[in-house]
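Trainee: Here you go, work-v7.cif (mmCIF, C-alpha atoms):
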data_model
#
loop_
_atom_site.label_atom_id
_atom_site.label_comp_id
_atom_site.auth_asym_id
_atom_site.auth_seq_id
_atom_site.Cartn_x
_atom_site.Cartn_y
_atom_site.Cartn_z
CA MET A 1165 72.32 111.58 110.66
CA GLU A 1166 73.88 109.75 107.77
CA ASP A 1167 72.72 107.49 104.98
CA LEU A 1168 73.16 103.75 105.22
CA ASN A 1169 76.02 103.75 102.72
CA PRO A 1170 76.74 101.78 100.57
CA VAL A 1171 73.03 100.87 100.21
CA ALA A 1172 71.36 102.08 97.01
CA TRP A 1173 68.22 104.10 97.71
CA PRO A 1174 65.32 103.80 97.22
CA PRO A 1175 64.75 100.05 97.16
CA GLU A 1176 61.79 98.48 95.44
CA PRO A 1177 58.66 98.66 97.64
CA ILE A 1178 58.63 96.03 100.36
CA ARG A 1179 55.37 94.13 100.64
CA THR A 1180 54.20 92.27 103.72
CA GLU A 1181 50.93 90.46 104.31
CA ARG A 1182 49.09 93.74 104.98
CA LEU A 1183 51.50 96.60 104.34
CA VAL A 1184 53.72 98.25 101.76
CA LEU A 1185 56.95 100.03 102.74
CA ARG A 1186 57.93 102.54 100.07
CA GLU A 1187 59.52 105.89 99.38
CA SER A 1188 57.56 109.03 100.24
CA GLU A 1189 55.31 110.64 97.63
CA ALA A 1190 53.52 114.01 97.42
CA ARG A 1191 50.23 112.32 98.39
CA ASP A 1192 51.72 111.52 101.83
CA ARG A 1193 52.12 115.17 102.86
CA ALA A 1194 48.86 115.47 104.85
CA ALA A 1195 49.62 112.25 106.76
CA PHE A 1196 53.13 113.49 107.59
CA VAL A 1197 51.69 116.76 108.90
CA GLU A 1198 49.28 114.77 111.07
CA LEU A 1199 52.10 112.49 112.26
CA PHE A 1200 54.50 115.30 113.22
CA ALA A 1201 51.81 117.48 114.84
CA SER A 1202 50.15 114.68 116.83
CA PRO A 1203 50.34 115.07 120.63
CA GLU A 1204 49.75 111.30 121.05
CA VAL A 1205 52.58 110.33 118.67
CA HIS A 1206 55.01 112.71 120.36
CA THR A 1207 54.17 111.93 123.99
CA TYR A 1208 57.63 110.38 124.49
CA LEU A 1209 59.44 112.45 121.86
CA GLY A 1210 59.48 115.89 123.45
CA GLY A 1211 55.99 116.91 122.35
CA PRO A 1212 54.45 117.74 118.99
CA ARG A 1213 55.35 120.64 116.75
CA PRO A 1214 52.65 123.23 116.03
CA ARG A 1215 50.61 122.16 112.98
CA ASP A 1216 51.00 125.51 111.20
CA GLU A 1217 54.79 125.30 111.61
CA VAL A 1218 54.89 121.74 110.26
CA GLU A 1219 52.73 122.69 107.27
CA ARG A 1220 54.85 125.75 106.51
CA GLU A 1221 58.20 123.94 106.70
CA MET A 1222 57.26 120.62 105.07
CA SER A 1223 58.27 120.11 101.46
CA GLY A 1224 55.87 118.94 98.79
CA VAL A 1225 57.35 115.44 99.01
CA PRO A 1226 58.19 115.11 102.72
CA GLU A 1227 60.84 112.86 104.21
CA ARG A 1228 62.14 111.74 100.82
CA ARG A 1229 65.58 110.68 101.94
CA SER A 1230 67.65 107.59 102.27
CA GLY A 1231 66.40 105.26 104.99
CA SER A 1232 62.89 106.74 105.26
CA PHE A 1233 60.06 104.34 104.47
CA VAL A 1234 56.39 105.29 104.32
CA VAL A 1235 54.25 102.52 105.79
CA GLU A 1236 51.10 102.15 103.70
CA LEU A 1237 47.91 100.26 104.47
CA ASP A 1238 45.19 99.97 101.81
CA GLY A 1239 46.75 102.79 99.78
CA ALA A 1240 47.09 105.28 102.66
CA MET A 1241 50.09 106.20 104.82
CA ILE A 1242 49.79 105.07 108.43
CA GLY A 1243 53.38 105.55 109.60
CA GLN A 1244 57.06 105.95 108.93
CA ILE A 1245 60.07 103.69 109.48
CA LEU A 1246 63.53 105.28 109.66
CA LEU A 1247 66.81 103.45 109.24
CA ARG A 1248 69.84 105.72 109.55
CA ARG A 1249 73.23 106.10 111.16
CA VAL A 1250 73.76 108.54 113.97
CA PRO A 1251 77.55 109.04 113.97
CA GLY A 1252 77.58 111.53 116.83
CA HIS A 1253 75.22 109.49 119.00
CA GLY A 1254 75.79 110.36 122.65
CA ARG A 1255 75.97 106.70 123.61
CA PRO A 1256 79.23 104.98 122.57
CA ALA A 1257 77.46 101.62 122.08
CA ALA A 1258 75.25 103.18 119.37
CA ALA A 1259 77.77 105.38 117.54
CA GLY A 1260 78.00 104.57 113.84
CA LYS A 1261 75.49 101.72 113.98
CA ALA A 1262 72.25 101.52 112.04
CA ASP A 1263 69.42 103.03 114.10
CA LEU A 1264 65.75 102.02 113.81
CA GLY A 1265 63.02 104.58 114.43
CA TYR A 1266 59.28 104.41 113.83
CA LEU A 1267 56.24 106.66 114.08
CA PHE A 1268 52.64 105.53 113.52
CA LEU A 1269 49.40 107.45 113.48
CA PRO A 1270 47.27 106.69 116.57
CA ARG A 1271 44.50 105.11 114.46
CA ALA A 1272 47.04 102.41 113.46
CA TRP A 1273 48.09 101.53 117.02
CA GLY A 1274 47.36 98.17 118.60
CA ARG A 1275 46.97 96.16 115.39
CA GLY A 1276 50.51 94.82 114.95
CA TYR A 1277 51.36 97.13 112.04
CA ALA A 1278 54.48 98.51 113.72
CA ALA A 1279 55.86 95.02 114.40
CA GLU A 1280 55.08 93.90 110.85
CA ALA A 1281 56.61 97.01 109.25
CA CYS A 1282 59.71 97.08 111.48
CA ALA A 1283 60.35 93.36 110.91
CA ALA A 1284 60.11 93.91 107.14
CA ALA A 1285 62.48 96.90 107.27
CA LEU A 1286 64.95 94.98 109.42
CA GLY A 1287 64.75 92.03 107.02
CA TRP A 1288 65.49 94.35 104.11
CA LEU A 1289 68.45 95.85 106.01
CA ALA A 1290 69.81 92.37 106.82
CA GLY A 1291 69.80 91.60 103.10
CA ALA A 1292 71.31 94.96 102.12
CA LEU A 1293 73.96 95.07 104.86
CA PRO A 1294 74.54 91.50 106.12
CA GLY A 1295 75.93 91.35 109.62
CA GLU A 1296 74.94 94.94 110.49
CA PRO A 1297 73.90 95.39 114.14
CA VAL A 1298 70.95 97.74 114.70
CA VAL A 1299 70.20 99.94 117.72
CA LEU A 1300 66.94 101.38 118.96
CA HIS A 1301 66.29 103.80 121.78
CA THR A 1302 63.09 104.77 123.52
CA GLN A 1303 61.91 106.16 126.82
CA THR A 1304 61.40 103.46 129.43
CA ALA A 1305 58.00 105.04 130.12
CA ASN A 1306 56.93 104.11 126.58
CA VAL A 1307 55.78 100.61 127.48
CA ALA A 1308 54.42 99.82 124.00
CA SER A 1309 57.73 100.72 122.38
CA MET A 1310 59.64 98.64 124.92
CA ARG A 1311 57.41 95.62 124.14
CA LEU A 1312 57.92 96.13 120.40
CA ALA A 1313 61.70 96.33 120.82
CA ALA A 1314 61.72 93.03 122.72
CA ARG A 1315 59.45 91.41 120.15
CA LEU A 1316 61.82 92.51 117.37
CA GLY A 1317 64.78 90.91 119.13
CA PHE A 1318 66.44 93.97 120.69
CA THR A 1319 68.16 93.42 124.01
CA GLU A 1320 69.07 96.08 126.52
CA VAL A 1321 72.53 97.61 126.29
CA GLU A 1322 72.00 100.39 128.79
CA ARG A 1323 69.63 102.86 130.41
CA PHE A 1324 70.48 106.52 130.73
CA GLU A 1325 68.95 109.89 131.52
CA ALA A 1326 68.35 112.28 128.64
CA TRP A 1327 65.73 114.86 127.71
CA GLY A 1328 64.40 114.79 131.29
CA ALA A 1329 63.52 111.07 131.28
CA GLU A 1330 65.03 107.61 131.56
CA GLN A 1331 65.97 106.23 128.13
CA TRP A 1332 66.51 102.64 127.01
CA LEU A 1333 69.08 101.64 124.40
CA GLY A 1334 68.75 98.21 122.84
CA MET A 1335 70.72 96.37 120.19
CA ARG A 1336 69.70 93.70 117.73
CA SER A 1337 72.67 91.65 116.71
CA PRO A 1338 72.87 89.97 113.31
CA VAL A 1339 72.31 86.60 115.03
CA ALA A 1340 68.86 87.79 116.19
CA SER A 1341 67.85 88.83 112.70
CA GLY A 1342 66.79 85.33 111.74
CA GLY A 1343 64.15 85.18 114.46
CA VAL A 1344 60.46 85.00 113.76
CA LEU A 1345 57.92 87.32 115.33
CA SER A 1346 55.13 85.71 117.27
CA GLN A 1347 51.68 87.11 116.63
#
For the file at hand, write its structure as structure tokens.
Mentor:
Amino acid sequence: MEDLNPVAWPPEPIRTERLVLRESEARDRAAFVELFASPEVHTYLGGPRPRDEVEREMSGVPERRSGSFVVELDGAMIGQILLRRVPGHGRPAAAGKADLGYLFLPRAWGRGYAAEACAAALGWLAGALPGEPVVLHTQTANVASMRLAARLGFTEVERFEAWGAEQWLGMRSPVASGGVLSQ
């Protein structure tokens, strides 16, 4: 994975109606451990990592890297948004493009936080890199993620088999970036 060059990192925190997207801090470590060790979060991502392994390997300020936003609600981390490039992506349509990823703690599911946070991150990216297309991939079995992708303006590019399951690759063109999410 690569940074989103030439974007300066980190940006100022991004504030939405309910959320703050910001750089990781030491106080987020416990939430990151929970996120990476959660069986529910990793149902469609190859399964969770053992909690003791995550705790042992995680730095004091986890995921502090270009393109990684902590999603905060009422002062506490509820998820992570990732914007990065995957130059060696196995799908030619995605190679070198900005890639959107997101993980949210199960207690934050079903309240529209992922849509709100992803829309804010995509809006920031559109301002930082005008005209940049963005890709997203998910398992087709992950119905909630498929709905979110459609809501964010991603359209299907292709389906393919990988990691023992059917995958979906969508793209959001710069033209779609001006769209408004419906609540």
Trainee: Hey, which of A:Leu1168, A:Met1222, A:Arg1275, A:Pro1175 ends up closest to Asp1263 of chain A? Count all atoms listed in the file.
Mentor: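 The answer is A:Leu1168, which sits nearest to Asp1263 of chain A.
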Trainee: For the file shown, what are the residues hit by the PyMOL selection byres ((chain A and resi 1284) around 12), laid out as a PyMOL selection string?
Mentor: chain A and resi 1177-1186+1233+1235+1245+1247+1264+1277-1283+1285-1291+1316+1341-1342+1344-1345
Trainee: Go ahead and compute the interatomic distance for atom CA of Ala1262 of chain A and atom CA of Val1298 of chain A, in Å to one decimal.
Mentor: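 Interatomic distance here is 4.8 Å.
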Trainee: Rank A:Glu1198, A:Glu1320, A:Glu1187, A:Glu1204 by their smallest atom-to-atom distance to Leu1246 of chain A, using only C-alpha atoms, and report the top residue only.
Mentor: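 With only C-alpha atoms as the atom set, the closest residue is A:Glu1187.
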Trainee: By how many Å are atom CA of Arg1193 of chain A and atom CA of Tyr1208 of chain A apart?
Mentor: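 Between atom CA of Arg1193 of chain A and atom CA of Tyr1208 of chain A the gap is 22.8 Å.
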